[in-house]
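The structure under discussion appears below in the form of structure tokens.
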Amino acid sequence: MNTIALVGNPNSGKTTLFNAITGANQHVGNWPGVTVEKKVGEFKFNNKIYDVVDLPGTYSLGAFSEDEVVARDYVVKGNPDVVINVVDATNIERNLYLTTQLLEMGANVVIALNMVDEAKTREIEINIESLSKNLGVPVISTVASKKSGVEKLIEKTVECIEKKSEYHPLSYGENIDKEIKTIKELLKDSKADYPADWIAIKLLEGNKDILEEVNNKDVEKRLTFLKDKGIDYELEIVDKRYDFISNITKKSVVKPDEAVVTLS
Ligand code: GDP
Ligand code: K
Ligand code: MG
């Protein structure tokens with residue numbers, strides 16, 4: 001059975017899209033051990049049935065809330081075949097922060113660029129091709145509340161199950177990239193469920209539960225060594241994600257207040 005997960009910021013239109021994709025074929029439960037609601041549905045395409053999971057809405061995939069942990073763990077441990085990342089086109093910079101983290105995880109991402117009707121009303125111009133090229137993943141524009149673009153999104157999603165997009169890690173600059181390599185080397189023989197690049201980034205961000213889960217003395221030593229030298233990459237990593245996003249939006253998005261004004 002193939003499984004597709006829906007991930008996105010709160011109010012990006014995730015549930016509306018989930019309903020449009022699955023119709024009446026859905027059931028609601030709870031994620032084990034937490035009070036977070038679990039919504040599962042399915043759709044049929046070319047006589048095959050696909051499971052769809054609506055994950056809790058989050059801005060990030062750290063470990064700051066039950067919602068984030070549920071979404072994060074499902075993306076990495078639930079092994080969905082495709083992650084549909086619902087991005088609100090009217091708030092693209094903020095929404096792409098979550099996207100960068102999905103890319104870091106090496107998830108097989110398809111972006112549903114939702115609320116394009118509202119973006120149009122606000123005269124926000126988005127070059128879909130350029131956005132897709134620069135992110136390295138397919139982007140399909142949708143208006144979930146009108147079921148527009150949903151067929152195309154399903155087609156692209158099914159296509160991506162067969163053909164996983166190539167993983168393009170972000171660059172965090174020379175020092176951090178080097179440190180990621182060092183940590184990955186130390187983790188070579190450990191058997192955590194998470195992708196090594198992602199673990200290394202999370203550790204450099206100071207994420208305590210990943211450190212606990214990894215349970216590796218050499219890695220702990222390395223992190224203590226950095227700390228003793230006064231090196232803390234946490235803020236720099238966040239900055240680099242925002243740099244990555246702003247580079248992309250500069251190339252792909254024009255907002256009315258940014259349009260070039262020609263003086264006559
Ligand atoms: P969620 O929090 O991500 O699950 O978002 P919801 O699916 O609950 O949607 C939030 C609101 O946005 C609801 O009022 C939806 O009807 C509305 N909505 C969803 N998709 C679209 C869209 O493409 N365009 C517009 N204009 N509204 C939408
Ligand atoms: K909501
Ligand atoms: Mg919802």
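By convention in this document, the chains of the structure tokens carry letters A, B, ... by their order, each chain's residues are numbered from 1, and ligands are numbered from 1 in the order they are shown.
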With the cut-off set at 12 Å and counting only C-alpha atoms and all ligand atoms, tabulate each residue of chain A with an atom at most that distance from an atom of ligand 2, showing the nearest atom pair and its distance in Å to one decimal, ordered by chain and increasing number, as a Markdown table.
```
| residue | atom | partner | partner_atom_place_in_ligand_line | distance |
| --- | --- | --- | --- | --- |
| A:Gly8 | CA | ligand 2 | 1 (K) | 11.1 |
| A:Asn9 | CA | ligand 2 | 1 (K) | 9.6 |
| A:Pro10 | CA | ligand 2 | 1 (K) | 6.1 |
| A:Asn11 | CA | ligand 2 | 1 (K) | 4.8 |
| A:Ser12 | CA | ligand 2 | 1 (K) | 8.1 |
| A:Gly13 | CA | ligand 2 | 1 (K) | 7.5 |
| A:Lys14 | CA | ligand 2 | 1 (K) | 8.3 |
| A:Thr15 | CA | ligand 2 | 1 (K) | 7.5 |
| A:Thr16 | CA | ligand 2 | 1 (K) | 9.1 |
| A:Leu17 | CA | ligand 2 | 1 (K) | 11.8 |
| A:Pro56 | CA | ligand 2 | 1 (K) | 9.9 |
| A:Gly57 | CA | ligand 2 | 1 (K) | 8.3 |
| A:Thr58 | CA | ligand 2 | 1 (K) | 11.3 |
```
Go ahead and save the picked residues with C-alpha atoms, as a CSV table (one decimal), in the first residue's frame.
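Below is the file selection.csv, written as the result:
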```
chain,number,residue,atom,x,y,z
A,8,GLY,CA,1.7,22.3,6.1
A,9,ASN,CA,1.3,25.3,8.3
A,10,PRO,CA,-1.9,25.8,10.2
A,11,ASN,CA,-4.6,27.3,8.0
A,12,SER,CA,-2.7,26.6,4.7
A,13,GLY,CA,-5.8,24.6,3.6
A,14,LYS,CA,-4.5,21.1,4.5
A,15,THR,CA,-7.8,19.7,5.7
A,16,THR,CA,-9.7,21.3,2.8
A,17,LEU,CA,-7.3,19.6,0.4
A,56,PRO,CA,-1.2,18.2,12.3
A,57,GLY,CA,-0.4,21.8,11.1
A,58,THR,CA,3.0,23.0,12.1
```
For ligand 1, list the contacting residues at 10 Å or closer, counting only C-alpha atoms and all ligand atoms, as a ChimeraX atom specification.
-> /A:6-20,54-58,86-90,112-121,141-149
Skip Ala196 (chain A) itself and residues of its chain fewer than 6 positions away, then list as a PyMOL selection string all residues within 12 Å of it, counting only C-alpha atoms.
-> chain A and resi 76+104-106+169+180-190+202-203+210+214
Would you mind exporting the chosen residues as a CSV table (one decimal), in the first residue's frame, restricted to N, CA, C and O atoms?
```csv
chain,number,residue,atom,x,y,z
A,76,VAL,N,9.6,11.0,9.0
A,76,VAL,CA,10.8,10.2,9.0
A,76,VAL,C,10.6,8.7,9.3
A,76,VAL,O,11.3,7.9,8.7
A,104,GLU,N,15.4,19.0,4.1
A,104,GLU,CA,16.5,18.5,5.0
A,104,GLU,C,16.4,17.0,5.4
A,104,GLU,O,17.3,16.3,5.5
A,105,MET,N,15.1,16.6,5.6
A,105,MET,CA,14.8,15.2,5.9
A,105,MET,C,14.9,14.3,4.8
A,105,MET,O,14.8,13.1,5.0
A,106,GLY,N,15.1,14.8,3.6
A,106,GLY,CA,15.2,14.0,2.4
A,106,GLY,C,13.8,13.4,2.0
A,106,GLY,O,13.7,12.4,1.4
A,169,PRO,N,20.6,18.6,-0.6
A,169,PRO,CA,20.8,19.2,0.7
A,169,PRO,C,21.0,20.7,0.5
A,169,PRO,O,21.6,21.2,-0.5
A,180,ILE,N,28.7,19.1,9.7
A,180,ILE,CA,27.7,18.1,9.4
A,180,ILE,C,28.4,16.8,9.0
A,180,ILE,O,28.1,15.7,9.4
A,181,LYS,N,29.4,17.0,8.1
A,181,LYS,CA,30.2,15.8,7.6
A,181,LYS,C,30.9,15.1,8.8
A,181,LYS,O,30.8,13.8,8.9
A,182,THR,N,31.5,15.9,9.7
A,182,THR,CA,32.2,15.3,10.8
A,182,THR,C,31.2,14.4,11.7
A,182,THR,O,31.5,13.3,12.0
A,183,ILE,N,30.0,15.0,11.9
A,183,ILE,CA,29.1,14.3,12.8
A,183,ILE,C,28.5,13.0,12.0
A,183,ILE,O,28.4,12.0,12.6
A,184,LYS,N,28.3,13.2,10.7
A,184,LYS,CA,27.8,12.0,10.0
A,184,LYS,C,28.8,10.9,10.0
A,184,LYS,O,28.4,9.7,10.1
A,185,GLU,N,30.1,11.2,10.0
A,185,GLU,CA,31.1,10.2,10.1
A,185,GLU,C,31.1,9.5,11.4
A,185,GLU,O,31.2,8.3,11.5
A,186,LEU,N,30.9,10.3,12.5
A,186,LEU,CA,30.8,9.7,13.8
A,186,LEU,C,29.5,8.8,14.0
A,186,LEU,O,29.5,7.9,14.8
A,187,LEU,N,28.5,9.1,13.2
A,187,LEU,CA,27.2,8.4,13.3
A,187,LEU,C,27.1,7.2,12.4
A,187,LEU,O,26.2,6.5,12.3
A,188,LYS,N,28.2,7.0,11.6
A,188,LYS,CA,28.2,6.0,10.5
A,188,LYS,C,27.6,4.6,10.9
A,188,LYS,O,26.9,4.0,10.2
A,189,ASP,N,28.0,4.2,12.2
A,189,ASP,CA,27.5,2.8,12.6
A,189,ASP,C,26.3,2.8,13.4
A,189,ASP,O,25.8,1.8,13.9
A,190,SER,N,25.7,4.0,13.7
A,190,SER,CA,24.5,4.0,14.6
A,190,SER,C,23.3,3.8,13.7
A,190,SER,O,23.3,4.1,12.5
A,202,LYS,N,20.1,18.7,13.2
A,202,LYS,CA,19.3,18.8,14.5
A,202,LYS,C,20.2,18.9,15.7
A,202,LYS,O,20.0,19.6,16.6
A,203,LEU,N,21.3,18.1,15.7
A,203,LEU,CA,22.2,18.1,16.8
A,203,LEU,C,22.9,19.4,16.9
A,203,LEU,O,23.1,20.0,18.0
A,210,ILE,N,16.7,14.4,20.0
A,210,ILE,CA,17.5,13.7,18.9
A,210,ILE,C,18.8,13.2,19.5
A,210,ILE,O,19.2,12.0,19.3
A,214,VAL,N,19.9,9.3,19.6
A,214,VAL,CA,21.1,8.9,18.9
A,214,VAL,C,22.0,8.1,19.9
A,214,VAL,O,22.6,7.1,19.5
```
Just asking: which residues within region 193-258 of chain A are helix (DSSP H, G or I) according to DSSP, as a ChimeraX atom specification?
-> /A:196-204,208-214,217-228,234-252,256-258
Å distance separating CA of Pro80 (chain A) from CA of Leu153 (chain A), one decimal place =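 We find that CA of Pro80 (chain A) and CA of Leu153 (chain A) lie 16.3 Å from each other.
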Which of region 35-262 of chain A fall in strand (DSSP E), as an NGL selection string | :A and (37-45 or 48-54 or 82-88 or 109-114 or 125-126 or 139-141 or 253-254)
Serialized selection, N, CA and C atoms, as a JSON list (two decimals), in the first residue's frame:
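To be explicit, this is the file written out as part_28.json:
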```json
[["chain", "number", "residue", "atom", "x", "y", "z"],
["A", 37, "GLU", "N", -5.15, 14.52, 17.06],
["A", 37, "GLU", "CA", -6.08, 13.80, 16.19],
["A", 37, "GLU", "C", -5.37, 13.23, 14.95],
["A", 38, "LYS", "N", -5.71, 12.01, 14.61],
["A", 38, "LYS", "CA", -5.14, 11.39, 13.41],
["A", 38, "LYS", "C", -6.24, 11.17, 12.38],
["A", 39, "LYS", "N", -6.08, 11.79, 11.22],
["A", 39, "LYS", "CA", -7.07, 11.65, 10.16],
["A", 39, "LYS", "C", -6.48, 10.89, 9.00],
["A", 40, "VAL", "N", -7.13, 9.80, 8.64],
["A", 40, "VAL", "CA", -6.64, 8.97, 7.54],
["A", 40, "VAL", "C", -7.75, 8.80, 6.51],
["A", 41, "GLY", "N", -7.40, 8.86, 5.24],
["A", 41, "GLY", "CA", -8.38, 8.65, 4.18],
["A", 41, "GLY", "C", -7.74, 7.93, 3.02],
["A", 42, "GLU", "N", -8.47, 7.82, 1.94],
["A", 42, "GLU", "CA", -7.87, 7.18, 0.77],
["A", 42, "GLU", "C", -8.48, 7.72, -0.52],
["A", 43, "PHE", "N", -7.75, 7.50, -1.60],
["A", 43, "PHE", "CA", -8.32, 7.81, -2.91],
["A", 43, "PHE", "C", -7.90, 6.72, -3.90],
["A", 44, "LYS", "N", -8.63, 6.67, -4.99],
["A", 44, "LYS", "CA", -8.35, 5.66, -6.00],
["A", 44, "LYS", "C", -7.84, 6.38, -7.25],
["A", 45, "PHE", "N", -6.81, 5.84, -7.84],
["A", 45, "PHE", "CA", -6.30, 6.40, -9.09],
["A", 45, "PHE", "C", -5.84, 5.24, -9.97],
["A", 48, "LYS", "N", -5.95, 1.84, -8.45],
["A", 48, "LYS", "CA", -5.13, 1.53, -7.27],
["A", 48, "LYS", "C", -5.57, 2.43, -6.13],
["A", 49, "ILE", "N", -5.51, 1.89, -4.91],
["A", 49, "ILE", "CA", -5.93, 2.68, -3.74],
["A", 49, "ILE", "C", -4.69, 3.24, -3.03],
["A", 50, "TYR", "N", -4.76, 4.51, -2.67],
["A", 50, "TYR", "CA", -3.67, 5.19, -1.97],
["A", 50, "TYR", "C", -4.18, 5.72, -0.64],
["A", 51, "ASP", "N", -3.40, 5.50, 0.42],
["A", 51, "ASP", "CA", -3.75, 6.04, 1.74],
["A", 51, "ASP", "C", -3.26, 7.47, 1.86],
["A", 52, "VAL", "N", -4.04, 8.30, 2.53],
["A", 52, "VAL", "CA", -3.64, 9.69, 2.75],
["A", 52, "VAL", "C", -3.76, 10.00, 4.25],
["A", 53, "VAL", "N", -2.71, 10.59, 4.82],
["A", 53, "VAL", "CA", -2.72, 10.96, 6.24],
["A", 53, "VAL", "C", -2.61, 12.47, 6.37],
["A", 54, "ASP", "N", -3.56, 13.07, 7.08],
["A", 54, "ASP", "CA", -3.53, 14.52, 7.31],
["A", 54, "ASP", "C", -2.77, 14.77, 8.62],
["A", 82, "VAL", "N", 5.13, 9.77, -0.49],
["A", 82, "VAL", "CA", 5.23, 11.17, -0.90],
["A", 82, "VAL", "C", 4.71, 12.04, 0.24],
["A", 83, "VAL", "N", 5.35, 13.17, 0.44],
["A", 83, "VAL", "CA", 4.83, 14.17, 1.35],
["A", 83, "VAL", "C", 4.29, 15.32, 0.51],
["A", 84, "ILE", "N", 2.98, 15.54, 0.58],
["A", 84, "ILE", "CA", 2.42, 16.73, -0.06],
["A", 84, "ILE", "C", 2.53, 17.86, 0.93],
["A", 85, "ASN", "N", 3.34, 18.85, 0.58],
["A", 85, "ASN", "CA", 3.55, 20.01, 1.44],
["A", 85, "ASN", "C", 2.61, 21.12, 0.96],
["A", 86, "VAL", "N", 1.60, 21.42, 1.76],
["A", 86, "VAL", "CA", 0.64, 22.46, 1.40],
["A", 86, "VAL", "C", 1.24, 23.81, 1.79],
["A", 87, "VAL", "N", 1.42, 24.65, 0.78],
["A", 87, "VAL", "CA", 2.04, 25.96, 0.99],
["A", 87, "VAL", "C", 1.01, 27.04, 0.66],
["A", 88, "ASP", "N", 0.81, 27.95, 1.59],
["A", 88, "ASP", "CA", -0.13, 29.06, 1.39],
["A", 88, "ASP", "C", 0.55, 30.12, 0.52],
["A", 109, "VAL", "N", 9.08, 15.21, -1.64],
["A", 109, "VAL", "CA", 8.11, 16.31, -1.51],
["A", 109, "VAL", "C", 7.45, 16.68, -2.84],
["A", 110, "VAL", "N", 6.14, 16.87, -2.80],
["A", 110, "VAL", "CA", 5.40, 17.54, -3.87],
["A", 110, "VAL", "C", 4.72, 18.73, -3.21],
["A", 111, "ILE", "N", 4.89, 19.91, -3.78],
["A", 111, "ILE", "CA", 4.26, 21.09, -3.17],
["A", 111, "ILE", "C", 2.91, 21.37, -3.81],
["A", 112, "ALA", "N", 1.89, 21.50, -2.93],
["A", 112, "ALA", "CA", 0.59, 22.02, -3.37],
["A", 112, "ALA", "C", 0.60, 23.50, -3.01],
["A", 113, "LEU", "N", 0.78, 24.33, -4.01],
["A", 113, "LEU", "CA", 0.78, 25.78, -3.77],
["A", 113, "LEU", "C", -0.67, 26.22, -3.74],
["A", 114, "ASN", "N", -1.19, 26.31, -2.51],
["A", 114, "ASN", "CA", -2.63, 26.51, -2.33],
["A", 114, "ASN", "C", -2.97, 27.99, -2.18],
["A", 125, "GLU", "N", 2.49, 37.67, -7.64],
["A", 125, "GLU", "CA", 2.80, 36.85, -8.82],
["A", 125, "GLU", "C", 3.84, 35.81, -8.46],
["A", 126, "ILE", "N", 3.51, 34.56, -8.73],
["A", 126, "ILE", "CA", 4.45, 33.47, -8.42],
["A", 126, "ILE", "C", 4.78, 32.71, -9.69],
["A", 139, "VAL", "N", 5.89, 21.52, -8.15],
["A", 139, "VAL", "CA", 4.96, 22.47, -7.52],
["A", 139, "VAL", "C", 3.68, 22.49, -8.37],
["A", 140, "ILE", "N", 2.55, 22.22, -7.74],
["A", 140, "ILE", "CA", 1.25, 22.26, -8.44],
["A", 140, "ILE", "C", 0.39, 23.31, -7.74],
["A", 141, "SER", "N", -0.18, 24.24, -8.51],
["A", 141, "SER", "CA", -1.01, 25.25, -7.84],
["A", 141, "SER", "C", -2.43, 24.73, -7.66],
["A", 253, "VAL", "N", 8.99, 35.18, -6.90],
["A", 253, "VAL", "CA", 7.77, 35.83, -6.40],
["A", 253, "VAL", "C", 7.88, 37.35, -6.52],
["A", 254, "VAL", "N", 6.83, 37.96, -7.05],
["A", 254, "VAL", "CA", 6.77, 39.43, -7.07],
["A", 254, "VAL", "C", 5.50, 39.86, -6.35]]
```
Minimum-distance residue to Lys164 (chain A), chosen among A:Ile176, A:Ala107, A:Leu98, A:Leu204 (using only C-alpha atoms) | A:Ala107
Using only C-alpha atoms, which residue out of A:Lys156, A:Val150, A:Lys163, A:Arg222 lies closest to Glu179 (chain A)?
->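 With only C-alpha atoms as the atom set, the closest residue is A:Arg222.
For the pair CA of Lys255 (chain A) and CA of Glu123 (chain A), the interatomic distance is 6.6 Å.
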Please provide the set of residues having any atom within 9 Å of Tyr172 (chain A), restricted to only C-alpha atoms, with same-chain residues fewer than 6 positions apart removed, written as an MDAnalysis selection string.
-> chainID A and resid 236:237 239:241
Could you turn the residues from that selection into a file that holds all heavy atoms, as a PDB file, in the first residue's frame?
```pdb
ATOM      1  N   GLU A 236      22.744  30.365  13.208  1.00  0.00           N
ATOM      2  CA  GLU A 236      23.263  30.413  11.842  1.00  0.00           C
ATOM      3  C   GLU A 236      22.499  29.451  10.920  1.00  0.00           C
ATOM      4  O   GLU A 236      22.245  29.782   9.752  1.00  0.00           O
ATOM      5  CB  GLU A 236      24.747  30.033  11.884  1.00  0.00           C
ATOM      6  CG  GLU A 236      25.580  30.712  10.814  1.00  0.00           C
ATOM      7  CD  GLU A 236      27.060  30.392  11.001  1.00  0.00           C
ATOM      8  OE1 GLU A 236      27.537  30.347  12.170  1.00  0.00           O
ATOM      9  OE2 GLU A 236      27.739  30.180   9.983  1.00  0.00           O
ATOM     10  N   ILE A 237      22.126  28.303  11.450  1.00  0.00           N
ATOM     11  CA  ILE A 237      21.370  27.332  10.641  1.00  0.00           C
ATOM     12  C   ILE A 237      20.009  27.918  10.270  1.00  0.00           C
ATOM     13  O   ILE A 237      19.579  27.848   9.112  1.00  0.00           O
ATOM     14  CB  ILE A 237      21.226  25.982  11.390  1.00  0.00           C
ATOM     15  CG1 ILE A 237      22.584  25.281  11.430  1.00  0.00           C
ATOM     16  CG2 ILE A 237      20.173  25.088  10.723  1.00  0.00           C
ATOM     17  CD1 ILE A 237      22.638  24.026  12.277  1.00  0.00           C
ATOM     18  N   ASP A 239      19.255  31.078  10.105  1.00  0.00           N
ATOM     19  CA  ASP A 239      19.539  32.148   9.131  1.00  0.00           C
ATOM     20  C   ASP A 239      19.743  31.600   7.733  1.00  0.00           C
ATOM     21  O   ASP A 239      19.282  32.188   6.754  1.00  0.00           O
ATOM     22  CB  ASP A 239      20.816  32.907   9.529  1.00  0.00           C
ATOM     23  CG  ASP A 239      20.549  33.948  10.599  1.00  0.00           C
ATOM     24  OD1 ASP A 239      19.355  34.211  10.873  1.00  0.00           O
ATOM     25  OD2 ASP A 239      21.531  34.479  11.165  1.00  0.00           O
ATOM     26  N   LYS A 240      20.477  30.493   7.642  1.00  0.00           N
ATOM     27  CA  LYS A 240      20.763  29.920   6.317  1.00  0.00           C
ATOM     28  C   LYS A 240      19.489  29.431   5.644  1.00  0.00           C
ATOM     29  O   LYS A 240      19.359  29.522   4.423  1.00  0.00           O
ATOM     30  CB  LYS A 240      21.775  28.772   6.416  1.00  0.00           C
ATOM     31  CG  LYS A 240      23.154  29.209   6.829  1.00  0.00           C
ATOM     32  CD  LYS A 240      23.847  30.005   5.728  1.00  0.00           C
ATOM     33  CE  LYS A 240      25.229  30.431   6.217  1.00  0.00           C
ATOM     34  NZ  LYS A 240      25.898  31.343   5.259  1.00  0.00           N
ATOM     35  N   ARG A 241      18.564  28.883   6.444  1.00  0.00           N
ATOM     36  CA  ARG A 241      17.276  28.474   5.855  1.00  0.00           C
ATOM     37  C   ARG A 241      16.558  29.702   5.295  1.00  0.00           C
ATOM     38  O   ARG A 241      16.007  29.657   4.204  1.00  0.00           O
ATOM     39  CB  ARG A 241      16.382  27.822   6.911  1.00  0.00           C
ATOM     40  CG  ARG A 241      16.840  26.454   7.336  1.00  0.00           C
ATOM     41  CD  ARG A 241      15.748  25.734   8.127  1.00  0.00           C
ATOM     42  NE  ARG A 241      16.289  24.537   8.746  1.00  0.00           N
ATOM     43  CZ  ARG A 241      16.425  24.354  10.055  1.00  0.00           C
ATOM     44  NH1 ARG A 241      16.027  25.282  10.908  1.00  0.00           N
ATOM     45  NH2 ARG A 241      16.957  23.247  10.518  1.00  0.00           N
TER      46      ARG A 241
END
```
Identify, on the basis of only C-alpha atoms, every residue whose closest approach to Leu61 (chain A) does not exceed 8 Å; exclude the query and any residue fewer than 4 positions from it along the same chain; express the result as a count of residues only.
-> 6
Name the residues in contact with Asn127 (chain A) at a cut-off of 6 Å, using only C-alpha atoms, excluding same-chain residues fewer than 2 positions from it; report them as a PyMOL selection string.
-> chain A and resi 129-130+252
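Note that CA of Glu205 (chain A) and CA of Asp228 (chain A) are 15.6 Å apart.
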Could you tell me which of A:Ile201, A:Leu103, A:Ala63, A:Ile128 comes closest to Val238 (chain A) if we count only C-alpha atoms?
->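 Selected residue with least distance to Val238 (chain A): A:Ile201.
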Select, from A:Asn79, A:Ile199, A:Asp67, A:Val158, the residue with the minimum atom-to-atom distance to ligand 3, counting only C-alpha atoms and all ligand atoms.
->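 Once distances to ligand 3 are computed over only C-alpha atoms and all ligand atoms, the minimum belongs to A:Asp67.
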Could you tell me which of A:Val36, A:Leu135, A:Val75, A:Ile154 comes closest to ligand 3 if we count only C-alpha atoms and all ligand atoms?
->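 The answer is A:Val36, which sits nearest to ligand 3.
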